[in-house]
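Source file: input-v6.txt (compact mmCIF, C-alpha atoms)
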```txt
# COMPACT_ATOMS: atom_id res chain seq x y z
CA GLU A 1026 -24.51 27.83 2.50
CA ILE A 1027 -24.05 24.63 0.55
CA THR A 1028 -26.55 22.94 2.84
CA LEU A 1029 -29.31 25.14 1.40
CA LEU A 1030 -28.93 23.32 -1.93
CA LYS A 1031 -31.60 20.77 -1.13
CA GLN A 1032 -31.49 19.03 -4.51
CA LEU A 1033 -27.72 18.55 -4.49
CA GLU A 1034 -26.72 15.00 -5.42
CA ASN A 1035 -22.96 15.30 -5.96
CA LEU A 1036 -20.60 17.35 -3.78
CA LEU A 1037 -16.94 17.14 -4.82
CA LEU A 1038 -14.42 19.29 -2.94
CA TYR A 1039 -11.37 17.03 -3.13
CA GLY A 1040 -7.84 18.26 -3.70
CA ASN A 1041 -8.09 21.63 -1.96
CA HIS A 1042 -6.75 23.03 1.31
CA LEU A 1043 -9.96 22.76 3.29
CA THR A 1044 -9.77 22.67 7.07
CA GLY A 1045 -12.25 22.36 9.91
CA THR A 1046 -14.83 19.67 10.55
CA ILE A 1047 -17.76 18.25 8.63
CA PRO A 1048 -20.68 20.51 9.63
CA THR A 1049 -23.65 18.99 11.40
CA THR A 1050 -25.89 20.70 8.84
CA ILE A 1051 -24.66 18.17 6.27
CA SER A 1052 -27.73 16.14 7.21
CA GLN A 1053 -29.88 18.66 5.29
CA LEU A 1054 -28.51 17.39 1.98
CA THR A 1055 -30.93 14.50 1.94
CA ASN A 1056 -30.53 13.82 -1.81
CA LEU A 1057 -26.76 13.52 -1.67
CA LEU A 1058 -25.37 10.49 -3.53
CA LEU A 1059 -21.67 11.38 -3.67
CA LEU A 1060 -19.59 13.23 -1.07
CA ASP A 1061 -15.90 13.54 -1.90
CA LEU A 1062 -13.70 15.51 0.50
CA GLU A 1063 -10.45 13.67 -0.22
CA ASN A 1064 -7.03 15.31 -0.12
CA ASN A 1065 -7.70 18.18 2.26
CA GLN A 1066 -6.73 18.95 5.86
CA MET A 1067 -10.09 18.38 7.50
CA THR A 1068 -10.24 17.29 11.13
CA GLY A 1069 -12.59 16.06 13.82
CA THR A 1070 -14.77 12.99 14.03
CA LEU A 1071 -17.26 11.76 11.47
CA THR A 1072 -20.32 13.55 12.79
CA GLU A 1073 -23.45 11.51 13.51
CA GLU A 1074 -25.37 13.72 11.09
CA LEU A 1075 -23.25 12.35 8.27
CA PHE A 1076 -24.80 8.94 8.81
CA GLU A 1077 -28.28 10.38 8.33
CA LEU A 1078 -27.58 10.70 4.59
CA THR A 1079 -29.11 7.33 3.82
CA SER A 1080 -29.13 7.95 0.06
CA LEU A 1081 -25.34 8.20 -0.04
CA GLU A 1082 -23.66 5.81 -2.48
CA LYS A 1083 -20.10 7.13 -2.38
CA LEU A 1084 -18.37 8.53 0.71
CA ARG A 1085 -14.76 9.44 0.02
CA LEU A 1086 -12.84 11.02 2.89
CA SER A 1087 -9.28 9.74 2.37
CA VAL A 1088 -6.16 11.85 3.00
CA ASN A 1089 -7.40 14.11 5.75
CA GLU A 1090 -6.90 14.24 9.51
CA PHE A 1091 -10.17 12.73 10.70
CA VAL A 1092 -10.13 10.90 14.03
CA GLY A 1093 -12.33 8.26 15.63
CA PRO A 1094 -14.27 6.57 16.83
CA ILE A 1095 -16.48 5.54 13.92
CA SER A 1096 -20.05 5.42 15.15
CA SER A 1097 -22.16 2.28 14.90
CA SER A 1098 -24.53 4.50 12.92
CA ILE A 1099 -22.34 3.79 9.89
CA GLY A 1100 -24.64 0.81 9.44
CA GLU A 1101 -27.44 3.18 8.39
CA LEU A 1102 -25.75 3.94 5.06
CA VAL A 1103 -27.16 0.82 3.43
CA ASN A 1104 -26.87 2.21 -0.12
CA LEU A 1105 -23.15 2.91 0.18
CA LYS A 1106 -20.96 1.48 -2.60
CA ASP A 1107 -17.66 3.30 -1.93
CA PHE A 1108 -16.36 3.93 1.59
CA TRP A 1109 -12.88 5.45 1.50
CA LEU A 1110 -11.17 6.48 4.75
CA SER A 1111 -7.51 5.85 3.95
CA ASN A 1112 -4.70 8.06 5.27
CA ASN A 1113 -6.49 9.51 8.26
CA THR A 1114 -5.69 9.33 11.99
CA PHE A 1115 -8.03 6.74 13.48
CA VAL A 1116 -5.16 5.61 15.71
CA GLY A 1117 -6.21 2.88 18.13
CA GLU A 1118 -9.76 2.74 16.83
CA THR A 1119 -11.62 -0.41 15.84
CA LEU A 1120 -13.87 -1.05 12.89
CA PRO A 1121 -17.48 -1.31 14.15
CA ARG A 1122 -19.30 -4.57 13.45
CA GLU A 1123 -22.09 -2.53 11.83
CA ILE A 1124 -19.84 -2.23 8.80
CA GLY A 1125 -21.36 -5.58 7.85
CA SER A 1126 -24.71 -3.88 7.21
CA LEU A 1127 -23.26 -2.14 4.14
CA THR A 1128 -24.01 -5.06 1.88
CA ASN A 1129 -23.92 -2.94 -1.30
CA LEU A 1130 -20.29 -1.94 -0.72
CA GLU A 1131 -18.04 -2.42 -3.73
CA SER A 1132 -14.90 -0.76 -2.36
CA LEU A 1133 -13.69 -0.44 1.24
CA LEU A 1134 -10.41 1.46 1.56
CA LEU A 1135 -8.97 1.92 5.05
CA TYR A 1136 -5.21 1.75 4.50
CA SER A 1137 -2.78 3.74 6.64
CA SER A 1138 -5.34 5.05 9.11
CA GLY A 1139 -4.25 3.53 12.45
CA PHE A 1140 -7.02 0.97 12.87
CA GLU A 1141 -6.33 -1.95 15.22
CA SER A 1142 -7.92 -5.03 16.81
CA THR A 1143 -9.38 -7.88 14.78
CA ILE A 1144 -11.25 -7.64 11.51
CA PRO A 1145 -14.94 -7.86 12.50
CA SER A 1146 -16.55 -11.13 11.42
CA SER A 1147 -19.45 -9.10 10.01
CA ILE A 1148 -17.20 -8.15 7.09
CA SER A 1149 -18.15 -11.57 5.73
CA GLN A 1150 -21.47 -10.04 4.71
CA LEU A 1151 -19.84 -7.66 2.20
CA THR A 1152 -20.10 -10.10 -0.69
CA ASN A 1153 -20.29 -7.38 -3.37
CA LEU A 1154 -16.78 -6.08 -2.67
CA ASP A 1155 -14.41 -5.88 -5.61
CA TRP A 1156 -11.73 -3.86 -3.77
CA LEU A 1157 -10.73 -4.37 -0.12
CA ASP A 1158 -7.70 -2.51 1.19
CA ILE A 1159 -6.99 -2.44 4.93
CA SER A 1160 -3.21 -2.46 4.59
CA ASN A 1161 -0.72 -0.65 6.83
CA ASN A 1162 -2.78 -0.71 10.01
CA THR A 1163 -2.44 -2.95 13.08
CA PHE A 1164 -5.29 -5.37 12.47
CA SER A 1165 -4.61 -8.68 14.20
CA GLY A 1166 -6.04 -12.18 14.26
CA SER A 1167 -7.00 -14.20 11.22
CA ILE A 1168 -8.76 -13.09 8.06
CA PRO A 1169 -12.43 -14.15 8.11
CA ASP A 1170 -12.59 -17.20 5.87
CA ASP A 1171 -15.62 -15.93 3.98
CA VAL A 1172 -13.56 -13.10 2.51
CA TYR A 1173 -11.97 -15.71 0.26
CA GLY A 1174 -15.44 -16.45 -1.10
CA PHE A 1175 -16.17 -12.94 -2.38
CA LYS A 1176 -16.77 -13.83 -6.04
CA LYS A 1177 -16.42 -10.25 -7.32
CA LEU A 1178 -13.18 -9.44 -5.50
CA GLU A 1179 -10.43 -8.06 -7.74
CA LYS A 1180 -8.06 -6.40 -5.27
CA LEU A 1181 -7.31 -7.84 -1.82
CA LEU A 1182 -4.68 -5.76 -0.01
CA LEU A 1183 -3.99 -6.72 3.60
CA TYR A 1184 -0.25 -6.11 3.89
CA SER A 1185 1.59 -4.56 6.86
CA ASN A 1186 -0.70 -5.62 9.67
CA LEU A 1187 -0.42 -8.18 12.46
CA LEU A 1188 -2.56 -10.80 10.75
CA THR A 1189 -2.08 -14.49 11.51
CA GLY A 1190 -3.56 -17.75 10.25
CA THR A 1191 -3.20 -19.48 6.90
CA ILE A 1192 -4.25 -18.96 3.30
CA PRO A 1193 -7.16 -21.39 2.84
CA SER A 1194 -7.59 -23.46 -0.28
CA ARG A 1195 -10.77 -21.56 -1.08
CA ILE A 1196 -8.54 -18.71 -2.28
CA GLY A 1197 -9.09 -20.46 -5.59
CA GLU A 1198 -12.68 -19.20 -5.64
CA LEU A 1199 -11.52 -15.63 -6.32
CA LYS A 1200 -11.54 -16.00 -10.09
CA ASP A 1201 -11.54 -12.25 -10.78
CA LEU A 1202 -8.63 -11.48 -8.43
CA THR A 1203 -5.86 -9.36 -9.96
CA ASP A 1204 -3.97 -8.22 -6.84
CA LEU A 1205 -3.21 -10.30 -3.72
CA TRP A 1206 -1.09 -8.52 -1.11
CA LEU A 1207 -0.56 -10.40 2.17
CA SER A 1208 3.02 -9.36 2.88
CA GLU A 1209 4.46 -8.19 6.22
CA ASN A 1210 2.12 -10.07 8.53
CA GLY A 1211 2.53 -13.15 10.74
CA MET A 1212 0.76 -15.66 8.52
CA ILE A 1213 1.79 -19.31 8.63
CA GLY A 1214 1.23 -22.66 6.97
CA VAL A 1215 1.65 -24.10 3.52
CA VAL A 1216 0.73 -21.86 0.62
CA PRO A 1217 -2.02 -23.45 -1.53
CA TRP A 1218 -0.01 -23.07 -4.72
CA GLU A 1219 -2.30 -25.09 -6.97
CA GLU A 1220 -5.37 -23.06 -6.05
CA ILE A 1221 -3.44 -19.81 -6.53
CA GLY A 1222 -2.28 -21.14 -9.87
CA GLY A 1223 -5.91 -21.27 -10.96
CA LEU A 1224 -6.35 -17.52 -10.54
CA GLU A 1225 -6.09 -16.71 -14.23
CA ASN A 1226 -6.42 -12.94 -13.80
CA LEU A 1227 -3.78 -12.59 -11.07
CA GLU A 1228 -1.19 -9.91 -11.83
CA VAL A 1229 0.39 -9.28 -8.41
CA LEU A 1230 1.18 -11.99 -5.82
CA GLN A 1231 2.84 -10.43 -2.79
CA ILE A 1232 3.27 -12.77 0.22
CA CYS A 1233 6.72 -11.81 1.50
CA CYS A 1234 7.75 -11.35 5.14
CA ASN A 1235 5.49 -13.93 6.74
CA GLU A 1236 6.09 -17.39 8.21
CA PHE A 1237 4.85 -19.48 5.29
CA SER A 1238 6.46 -22.92 5.10
CA GLY A 1239 6.62 -25.96 2.84
CA THR A 1240 8.26 -26.33 -0.52
CA MET A 1241 8.07 -24.24 -3.61
CA PRO A 1242 5.76 -26.04 -6.04
CA PRO A 1243 7.12 -28.05 -8.99
CA SER A 1244 4.37 -26.26 -10.93
CA PHE A 1245 1.61 -23.91 -9.94
CA ARG A 1246 -1.22 -25.93 -11.44
CA ASN A 1247 -0.53 -29.40 -12.79
CA ASP A 1248 2.04 -28.17 -15.30
CA ASP A 1249 -0.56 -25.92 -16.98
CA PRO A 1250 1.57 -23.60 -19.15
CA ASN A 1251 -1.11 -20.90 -18.95
CA SER A 1252 -1.21 -20.87 -15.18
CA LEU A 1253 -0.59 -17.34 -13.84
CA SER A 1254 0.13 -16.15 -17.36
CA ARG A 1255 -0.80 -12.57 -16.42
CA LEU A 1256 1.46 -12.38 -13.36
CA THR A 1257 3.78 -9.36 -13.43
CA PHE A 1258 4.98 -9.26 -9.81
CA PHE A 1259 5.73 -12.22 -7.51
CA ASP A 1260 7.35 -11.73 -4.10
CA ALA A 1261 7.66 -14.59 -1.59
CA ALA A 1262 10.86 -13.36 0.07
CA ASN A 1263 11.57 -13.76 3.80
CA ASN A 1264 9.46 -16.81 4.56
CA ASN A 1265 10.40 -20.40 5.49
CA LEU A 1266 10.00 -21.90 2.01
CA SER A 1267 12.30 -24.66 0.81
CA GLY A 1268 12.93 -26.81 -2.23
CA LYS A 1269 13.79 -25.90 -5.79
CA ILE A 1270 12.50 -22.97 -7.78
CA SER A 1271 9.99 -24.13 -10.35
CA ASP A 1272 10.98 -23.84 -14.00
CA GLN A 1273 7.47 -22.51 -14.52
CA ILE A 1274 8.39 -19.34 -12.63
CA TYR A 1275 11.11 -18.60 -15.19
CA ASN A 1276 8.55 -19.07 -17.95
CA LEU A 1277 6.11 -16.44 -16.66
CA LYS A 1278 6.04 -14.25 -19.77
CA LYS A 1279 5.01 -11.05 -18.04
```
Output the file's structure in the form of C-alpha cells.
Amino acid sequence: EITLLKQLENLLLYGNHLTGTIPTTISQLTNLLLLDLENNQMTGTLTEELFELTSLEKLRLSVNEFVGPISSSIGELVNLKDFWLSNNTFVGETLPREIGSLTNLESLLLYSSGFESTIPSSISQLTNLDWLDISNNTFSGSIPDDVYGFKKLEKLLLYSNLLTGTIPSRIGELKDLTDLWLSENGMIGVVPWEEIGGLENLEVLQICCNEFSGTMPPSFRNDDPNSLSRLTFFDAANNNLSGKISDQIYNLKK
C-alpha cells in the first residue's frame, strides 16, 4: 500500500483513469507535501482524514467527480499554498468560512464545480493569493472589497456567476494583475477606468455582460500613452456604456 511509505513527500497520480474514493488511510502519509490526483474519475467526499495532513502545501484535485460538503476541517491545512478543486461536482455546496485560515494560499482554483451562496468574507484573509479563480459557479452577492487589496494578485477570474456590486477604485492597487475576468455577472456602476488604466501589467480585461454604466473614457489614464500597453484582450460588450470610443483604444499596440 502507498500509505506504508511513511517518508513520502510527493504523490502525483494525475492524468490516469483512477476511480473510487480517497482512502481514509491517507492520514498515515504525515510527511506529504504534494498530493496531485487531477484528471481522473475519482468520487466521494473529501475525507476528514485528508485534512489531517497538516504538512500539505499543494492539494490538487481538479477534474474529478468529488462531491461536497467541504468540511470546516479544511482550515487545519495552514501550510497549503495550492488548493485546486476545479471541475468537480460540489453542486449546491458553499465554501466554508474556514477557508480564511489558509493564509499561505497562493492559488485557489474552484471554477466549474457547482459552488453557490456568497463568497465568505474570510477570503479577505488570503492576502498571499496570486491566482483566484472561482468562475462558472453560482456565487452571489458582492466581491469582498479586500480582495482588491491583494498586492500579489496576478489572475482574478470571477466570470459566469451571479455576482453584484461595483468595481471599487481600489482595483488600482493590484499592480501585478495580468488577467481581470468579471464578465457574465450582474455587476453595476461606473467602471473606474483611470484606476484600471494604471494596471501596467494587465493583459486581459473582460467585463462584458454586466450592467456597467457611464461613458467610455476619453483616455484610460490622463492621456498616458503607455497606459494598458500590454493589453491583448478587451471585452466590454453587452453593458450600458455610452459615449465615444476613445482613440487610445485604437492605439493599444498589442
Separation of atom CA of A:Thr1203 from atom CA of A:Gly1222 in Å: 12.3 Å
Residue contacts of stretch 1113-1126 of chain A (12 Å, all atoms listed in the file) excluding same-chain residues fewer than 6 positions away, as a PyMOL selection string: chain A and resi 1063-1071+1085-1106+1133-1154+1159+1161-1165
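Put simply, atom CA of A:Leu1030 is 15.5 Å away from atom CA of A:Ser1080.
Residues in contact with A:Ser1160 at 6 Å, where only C-alpha atoms are counted and same-chain residues fewer than 2 positions away are skipped, are listed as A:Tyr1136, A:Asp1158, A:Asn1162, A:Leu1182, A:Leu1183, A:Tyr1184, A:Ser1185.
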Two-atom distance - atom CA of A:Leu1036, atom CA of A:Glu1077 (Å): 15.9 Å
Closest of A:Lys1031, A:Pro1217, A:Tyr1039, A:Leu1199 to A:Leu1060 - atom-to-atom distances counting all atoms listed in the file: A:Tyr1039
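You can rank A:Asn1041, A:Leu1062, A:Val1215, A:Ile1051 by their closest distance to A:Ser1194 using all atoms listed in the file, and at the top of that list sits A:Val1215.
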A:Gln1231, A:Ser1132, A:Thr1189, A:Asn1263 ranked by distance to A:Lys1177, top pick (using only C-alpha atoms): A:Ser1132
Selected residue, from A:Asn1265, A:Asn1112, A:Asn1235, A:Asn1226, that lies nearest to A:Leu1207 when counting only C-alpha atoms: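 Selected residue with least distance to A:Leu1207: A:Asn1235.
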Closest of A:Gly1239, A:Thr1191, A:Asp1171, A:Phe1259 to A:Asp1204, counting all atoms listed in the file, is A:Phe1259
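Of the residues under consideration (A:Glu1219, A:Glu1198, A:Glu1209, A:Glu1225), A:Glu1209 shows the shortest atom-to-atom contact distance to A:Ala1262 when counting all atoms listed in the file.
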Missing atoms of stretch 1095-1110 of chain A rebuilt to N, CA, C and O atoms, written as a compact mmCIF listing (two decimals), keeping the file's coordinate frame:
```txt
# COMPACT_ATOMS: atom_id res chain seq x y z
N ILE A 1095 -15.45 5.59 14.95
CA ILE A 1095 -16.48 5.54 13.92
C ILE A 1095 -17.75 5.00 14.57
O ILE A 1095 -17.76 3.91 15.13
N SER A 1096 -18.80 5.77 14.49
CA SER A 1096 -20.05 5.42 15.15
C SER A 1096 -20.68 4.16 14.55
O SER A 1096 -20.54 3.87 13.35
N SER A 1097 -21.39 3.43 15.39
CA SER A 1097 -22.16 2.28 14.90
C SER A 1097 -23.23 2.70 13.91
O SER A 1097 -23.75 1.86 13.15
N SER A 1098 -23.53 3.99 13.87
CA SER A 1098 -24.53 4.50 12.92
C SER A 1098 -24.08 4.36 11.47
O SER A 1098 -24.88 4.56 10.55
N ILE A 1099 -22.80 4.04 11.25
CA ILE A 1099 -22.34 3.79 9.89
C ILE A 1099 -23.21 2.75 9.20
O ILE A 1099 -23.41 2.77 7.99
N GLY A 1100 -23.79 1.86 9.99
CA GLY A 1100 -24.64 0.81 9.44
C GLY A 1100 -25.91 1.31 8.80
O GLY A 1100 -26.60 0.55 8.11
N GLU A 1101 -26.24 2.60 9.00
CA GLU A 1101 -27.44 3.18 8.39
C GLU A 1101 -27.25 3.49 6.91
O GLU A 1101 -28.24 3.65 6.18
N LEU A 1102 -26.02 3.57 6.46
CA LEU A 1102 -25.75 3.94 5.06
C LEU A 1102 -25.83 2.71 4.16
O LEU A 1102 -24.86 2.32 3.51
N VAL A 1103 -27.00 2.13 4.08
CA VAL A 1103 -27.16 0.82 3.43
C VAL A 1103 -27.02 0.88 1.92
O VAL A 1103 -26.90 -0.16 1.26
N ASN A 1104 -27.03 2.08 1.33
CA ASN A 1104 -26.87 2.21 -0.12
C ASN A 1104 -25.43 2.49 -0.54
O ASN A 1104 -25.15 2.63 -1.73
N LEU A 1105 -24.54 2.53 0.44
CA LEU A 1105 -23.15 2.91 0.18
C LEU A 1105 -22.45 1.86 -0.68
O LEU A 1105 -22.52 0.66 -0.42
N LYS A 1106 -21.75 2.35 -1.73
CA LYS A 1106 -20.96 1.48 -2.60
C LYS A 1106 -19.46 1.71 -2.41
O LYS A 1106 -18.68 0.77 -2.49
N ASP A 1107 -19.06 2.96 -2.19
CA ASP A 1107 -17.66 3.30 -1.93
C ASP A 1107 -17.54 3.90 -0.55
O ASP A 1107 -18.25 4.88 -0.23
N PHE A 1108 -16.65 3.36 0.28
CA PHE A 1108 -16.36 3.93 1.59
C PHE A 1108 -14.85 4.01 1.71
O PHE A 1108 -14.17 3.01 1.91
N TRP A 1109 -14.32 5.24 1.55
CA TRP A 1109 -12.88 5.45 1.50
C TRP A 1109 -12.46 6.33 2.67
O TRP A 1109 -12.83 7.49 2.76
N LEU A 1110 -11.63 5.77 3.56
CA LEU A 1110 -11.17 6.48 4.75
C LEU A 1110 -9.65 6.44 4.90
O LEU A 1110 -9.13 6.75 5.96
```
